[in-house]
There are 2 protein chains.
Amino acid sequence: MNKTATALANSGPLITKADSTPTPVARFLNKCHTDYVAENSGALASYIPELTKANPAHFGISLATIDGHVYEIGNSDVSFTIQSISKAFVFALALDLLGSERVEAAIGVEPSGDAFNSIRLTADNRPFNPMVNAGAIACTGLIYSAEGDRTFACILDALSRFAGRNLDVDESVFSSERATGDRNRAIAWLLRNYSVIGSEVDEVLNAYFRQCSVLVTARDLAIMAATLANRGINPMTDVQVVTPTAVARTLSVMTSSGMYDYAGEWTYRVGMPAKSGVGGGIVAALPSQLGLGTYSPLLDSHGNSVRGLKVCEALSSHFDLHVLARGGDVRTCVVADYDAGAGASRRSRPPSEQKILEKYRQDVRIIELVGALTFASIDYVSRRLSNEGQRPRILIVDFHRVPGVTKAAARLLAEVLDELRAEDGIAILSGLQQSSTACKSINEWISAGPSTKYFTLLDEAIEWAEDQIVYRYGGYNLNKTPAPLGEQALLAGLTADEIDQLAGLATKRSYLTGQRIIASGEAASAIHFIQSGMVSVKLASGVRLATLVQGMVFGEMALIEPRRTADVWADTNVQCLELPLEKFALFRESCPRFGETIMRNLATLLSKRLIWANTKVDLLSGY
Amino acid sequence: MNKTATALANSGPLITKADSTPTPVARFLNKCHTDYVAENSGALASYIPELTKANPAHFGISLATIDGHVYEIGNSDVSFTIQSISKAFVFALALDLLGSERVEAAIGVEPSGDAFNSIRLTADNRPFNPMVNAGAIACTGLIYSAEGDRTFACILDALSRFAGRNLDVDESVFSSERATGDRNRAIAWLLRNYSVIGSEVDEVLNAYFRQCSVLVTARDLAIMAATLANRGINPMTDVQVVTPTAVARTLSVMTSSGMYDYAGEWTYRVGMPAKSGVGGGIVAALPSQLGLGTYSPLLDSHGNSVRGLKVCEALSSHFDLHVLARGGDVRTCVVADYDAGAGASRRSRPPSEQKILEKYRQDVRIIELVGALTFASIDYVSRRLSNEGQRPRILIVDFHRVPGVTKAAARLLAEVLDELRAEDGIAILSGLQQSSTACKSINEWISAGPSTKYFTLLDEAIEWAEDQIVYRYGGYNLNKTPAPLGEQALLAGLTADEIDQLAGLATKRSYLTGQRIIASGEAASAIHFIQSGMVSVKLASGVRLATLVQGMVFGEMALIEPRRTADVWADTNVQCLELPLEKFALFRESCPRFGETIMRNLATLLSKRLIWANTKVDLLSGY
């Protein structure tokens, strides 16, 4: 993956300008910085002396995309304490660590209507939600009940994985928070009174104060938010930090309660789940698109960073970004949909097999998917399949352009495949990287077994399916005698005598499985007729151009090309008749029509390959 | 578009079972219906006698996808009054009709914490939000201020466009609502007191009572919700009912206030913006995926349909559907990215032009996109472009697999293209249907002009770009003399004498622009050498296989194929030398090596075409 960073301008001594060809997004963020740097309203947080030491001129913006690009401008590398922003990430951690049932029994999810430091609890004595101090302390308390002394280490580790680097604590802010945190102490004892937290009140408070004192930068916040936007996978490190379910729930409480008593308006106007902290940071996440982190320590009366709010609002309104303004068309998830006739593999087949495959082409259905798969896209695929009169005997679903699969899509797909198998069908999944997230979520739902096959390459999956069809309809040539030269398409039109004569000029050769028979770049000096076995023509990259079996020819391009343009490998033990070009020339002398005949046969072979390739181009062009 | 409906089972006399091969989603909804039909808790609304006449056994579920498929089960065709569900749709209408500024000045967007029929207003005397009665009456009042007597007609028309059919009013419910609506009357007069509505209080109330009395079915609600999920475009009729901005704002207030005093919990657990009505209906919309409509008149103490809530919760939890749980990978939006060398058009070029195009191939960059384009995907494209050292002279962006473009994507793309033009580049957009939504949103931002070109077909766009490059580097052959036969690749290797002899056997022919020269299916009896002009080889479907100019050959497949497999059309006035096959045979007698030579040349031509097609297959396969 191409992880790059664009530092846009230098508003202080801390950032160097790294990129002189900015994109529209870079220009937009640049303009935001220029526009709002002059905004000097608001005040530094003052409840502890350390926070008043912040530089009010500091202003950093960073935007991280879910493909791992970071835009940054201004003081995006200045450290400050994370404060209340930690609440969102620690809540996500608690959900995964303790299970949502336990967390939700202890903490509500309704907006409180009160200030963040309210001591009021719900009617059933729970904190209103995890974004107010009471809820956040309860959350840290829950983690303490599971992790004990390791609580803070566990929280710091999670925050670090969200940020993609090891974070530290500002010890003097921590000491200050601890020394002056009387109201939080009161809240904690009230929670203890209602058994929301256990008896180690001081230990929980210490972990909470430490968690608020973790040092981050605007860049860290952008990456942390992008991790939420990317279903819990850090786009810089590809580490799954929290589960998608924990992400959805965390973003939900950020939506309803993240911006203090401003939530309805925030959702309406900005439409990005967000959380701010009195340290001057704001994080905002737009699911499946981006994470934003801002730093400017001047706060408004609600405790939100003034410049940060402006950046969030400008970004949302300029680009009409809103989590609920999602478009889409499920139909574009199918890039190509065809049967074994239209989309034959690169394996060349003898005429008898071709005939079977043409007749039973609809026994194999190939669906190539693209993009992140959702409930709606797999429902669409399931309808495509059920709209056809008959289900295919073999269904190949190709994922090589699919970066991710939601749980819904995986479940639906599993049901489609189960149904196929219930009717004795075979399901093949191709193009799945075994280590990919997509593969993991699919494996969770789809039972592997003799009727579910996995192939890395689609072409190999199609070839395997073709073999099944040929086999089913009795098309396998079990005759182990070498393929007679007279059945070679390249020699069509020659008399039996002429064939015999030609055979006399050829040399018998044997190759072992895995041996290279022809190397790209060599002088092309002979034509090879396969008598038994199978070979594959491949590019240096490993891409297969063709697989050929007994009765077929390879190296025939020697007739028009002086050099080999691909490698040929023996897939099995192979017997060939090799005819050197000079013997060919010799034979042409004795058989005047031979030259024209063989060139005509070559043109015919090429014309068939061209039809295959053009069909494939049309399939993939999707017109 | 393939609009189909799946009626799943028959729980009453009203629905017929229409589909015996249900999909996983059909099965799931079926199971929901079976599971919850036995749930008999809750009570009918009783504040007006008409609502107590509902059949408590009725239970209908419908799910509409954004590609226009409707699933339905049970009493999905039973009519009932829309009641409070109308509030969401009328709010969207008001936003578009009066502008958001005016609407937002009159009505807030914060949850009230009170019941839906609260008469309390905000501190600045506005209704809390458009989902409580006060806000909804204010909304209808705003429409009245613009439409006067036409207010209800305008509302009914909008609701009908949301549903995709003409809706009616239940007059007896309307009379009852009007007769007993004292509390709403009180709210309206309070709104009048604060000048939130004008002086025609009775007219506004009448329109509001009528709007609540509109008859809908679960199926209607599903389609109305799917219209919200589809950025305001009704997926059954393709009509843009409201703007995407109005949709995002409506879904926002549904999220924060749609389910009465249950909003935080609803967002957290179900994660689909929703609205319920005391008539027994619920709508829920999952942006870019689906709309759900349910009907069951038994209500819980909050006034929400008991069975309807269960269906929403089951759908969301079974499939892990949550508006904030979106995955994605912006990189999959680029299906192919190549230059003029790798992705040449189907126009065959003479060697001099080929040489120029190979040398300056990077002057043309082609990017083929797929899927609904967002901020994140076009940002990714802009980074791909700016990461390259040099910008292409001509950039072709292909949209034929793109169903929609957000405002953000259109703005970003416009900026990328502006920048290209600022450097004297040319931008080409191909594959945009002029009538499509995508095209409209792009045109809103991109200034058309001499340096922005539109092509329907990508291949024609590439050809035009190639022409520009050839022209720029002086490669145009302005020589108007007919192309000499001796330069024909098919005749390479013949002596000048032999060429002369062959020319003597050929017939000169002229064709006019637009004339068909060869028809598919005809016997193939001659080979045509172009002396001047241009022809195109096309399939009956209109797909172009090749374009050929002077100095090239067409119909040469006659050498190996007895019948024509495509049409050939004169693109300009054309002069040809036609060589009938029998003359060829004659000439072959006198020139012994001729047969082999021409077949070799044919094989060489085909081999070049095969390379082109294989390159394209690789490009589009995206490996």
# chains A, B, ... in the order shown; residues from 1 in each chain; ligands from 1
$ residues_around --residues "B:Val37" --least-positions-apart "4" --cutoff "8 Å" --atoms "only C-alpha atoms" --output "ChimeraX atom specification"
/B:33,57,59,307
$ write_last_selection --atoms "N, CA and C atoms" --output "CSV table (one decimal), in the first residue's frame"
chain,number,residue,atom,x,y,z
B,33,HIS,N,-42.0,-12.3,9.7
B,33,HIS,CA,-43.4,-12.2,9.7
B,33,HIS,C,-44.0,-13.4,10.6
B,57,ALA,N,-55.1,-7.9,13.7
B,57,ALA,CA,-54.3,-9.0,13.2
B,57,ALA,C,-53.4,-8.6,12.0
B,59,PHE,N,-50.7,-7.3,9.5
B,59,PHE,CA,-49.3,-7.2,9.7
B,59,PHE,C,-48.6,-7.3,8.3
B,307,ARG,N,-45.1,-4.6,16.5
B,307,ARG,CA,-44.5,-5.6,15.6
B,307,ARG,C,-43.5,-4.9,14.6
$ residues_around --residues "A:Ala570" --least-positions-apart "5" --cutoff "7 Å" --atoms "only C-alpha atoms" --output "JSON, numbers by chain"
{"A": [511, 512, 513, 514, 515, 516, 517, 534, 535, 536]}
$ residues_around --residues "stretch 238-254 of chain B" --least-positions-apart "5" --cutoff "7 Å" --atoms "only C-alpha atoms" --output "number ranges by chain"
A: 267-268, 322, 324-325; B: 88, 91-93, 95-96, 109, 161-162, 228, 231-233, 273-275
$ residues_around --residues "stretch 338-348 of chain A" --least-positions-apart "4" --cutoff "6 Å" --atoms "only C-alpha atoms" --output "compact mmCIF listing (two decimals) with C-alpha atoms, in the first residue's frame"
# COMPACT_ATOMS: atom_id res chain seq x y z
CA GLU A 358 -20.58 -25.09 -25.33
CA ARG A 361 -22.07 -23.59 -20.70
CA GLN A 362 -24.88 -22.48 -18.36
CA VAL A 364 -21.10 -22.62 -14.79
CA ARG A 365 -21.94 -19.06 -13.79
CA ILE A 366 -19.22 -16.52 -13.08
CA ASP A 459 -8.95 -18.10 -14.44
CA ILE A 462 -13.02 -21.29 -14.27
CA GLU A 463 -10.68 -23.95 -15.59
CA ALA A 546 -2.72 -20.41 -22.05
CA THR A 547 -2.74 -24.02 -20.92
CA LEU A 548 -2.42 -26.66 -23.62
$ residues_around --residues "A:Leu191" --least-positions-apart "4" --cutoff "8 Å" --atoms "only C-alpha atoms" --output "NGL selection string"
:A and (126 or 134 or 138 or 187 or 195-197)
$ write_last_selection --atoms "all heavy atoms" --output "short mmCIF file (atom, residue, chain, number, x, y, z; two decimals), in the first residue's frame"
data_model
loop_
_atom_site.label_atom_id
_atom_site.label_comp_id
_atom_site.auth_asym_id
_atom_site.auth_seq_id
_atom_site.Cartn_x
_atom_site.Cartn_y
_atom_site.Cartn_z
N ARG A 126 -27.75 5.10 36.32
CA ARG A 126 -26.63 4.88 35.39
C ARG A 126 -26.22 6.23 34.84
O ARG A 126 -27.04 7.15 34.72
CB ARG A 126 -27.06 3.99 34.22
CG ARG A 126 -27.42 2.57 34.60
CD ARG A 126 -27.77 1.77 33.37
NE ARG A 126 -28.85 2.41 32.61
CZ ARG A 126 -29.09 2.20 31.33
NH1 ARG A 126 -28.31 1.40 30.62
NH2 ARG A 126 -30.10 2.79 30.72
N ALA A 134 -19.29 11.15 33.88
CA ALA A 134 -19.76 10.02 34.68
C ALA A 134 -19.69 8.73 33.87
O ALA A 134 -19.23 7.69 34.37
CB ALA A 134 -21.19 10.28 35.15
N ALA A 138 -17.20 5.52 34.43
CA ALA A 138 -17.80 4.19 34.55
C ALA A 138 -17.14 3.23 33.56
O ALA A 138 -16.87 2.06 33.86
CB ALA A 138 -19.30 4.26 34.29
N ILE A 187 -18.11 12.28 41.37
CA ILE A 187 -18.85 11.44 40.43
C ILE A 187 -18.50 9.97 40.64
O ILE A 187 -19.37 9.10 40.71
CB ILE A 187 -18.56 11.87 38.97
CG1 ILE A 187 -19.18 13.24 38.69
CG2 ILE A 187 -19.07 10.82 37.98
CD1 ILE A 187 -18.79 13.86 37.35
N SER A 195 -22.88 1.05 42.79
CA SER A 195 -22.20 -0.17 42.32
C SER A 195 -21.95 -0.18 40.82
O SER A 195 -21.78 -1.22 40.21
CB SER A 195 -22.99 -1.43 42.71
OG SER A 195 -23.13 -1.49 44.10
N VAL A 196 -21.93 1.02 40.21
CA VAL A 196 -21.57 1.06 38.80
C VAL A 196 -20.08 0.74 38.66
O VAL A 196 -19.66 0.10 37.70
CB VAL A 196 -21.89 2.43 38.17
CG1 VAL A 196 -21.43 2.50 36.73
CG2 VAL A 196 -23.38 2.73 38.28
N ILE A 197 -19.26 1.18 39.62
CA ILE A 197 -17.86 0.78 39.61
C ILE A 197 -17.56 0.04 40.91
O ILE A 197 -18.33 0.13 41.88
CB ILE A 197 -16.87 1.95 39.41
CG1 ILE A 197 -16.95 2.97 40.54
CG2 ILE A 197 -17.13 2.63 38.08
CD1 ILE A 197 -15.92 4.08 40.40
#
$ closest_residue --among "B:His400, B:Arg421, B:Arg472, B:Arg509" --to "chain A" --atoms "only C-alpha atoms"
B:His400
$ atom_distance --atom1 "atom CA of B:Gly551" --atom2 "atom CA of B:Val574"
11.8 Å
$ residues_around --residues "B:Val103" --least-positions-apart "6" --cutoff "8 Å" --atoms "only C-alpha atoms" --output "list in words"
Ala94, Leu95, Cys139 and Leu142 of chain B
$ atom_distance --atom1 "atom CA of A:Met552" --atom2 "atom CA of B:Leu491"
29.5 Å
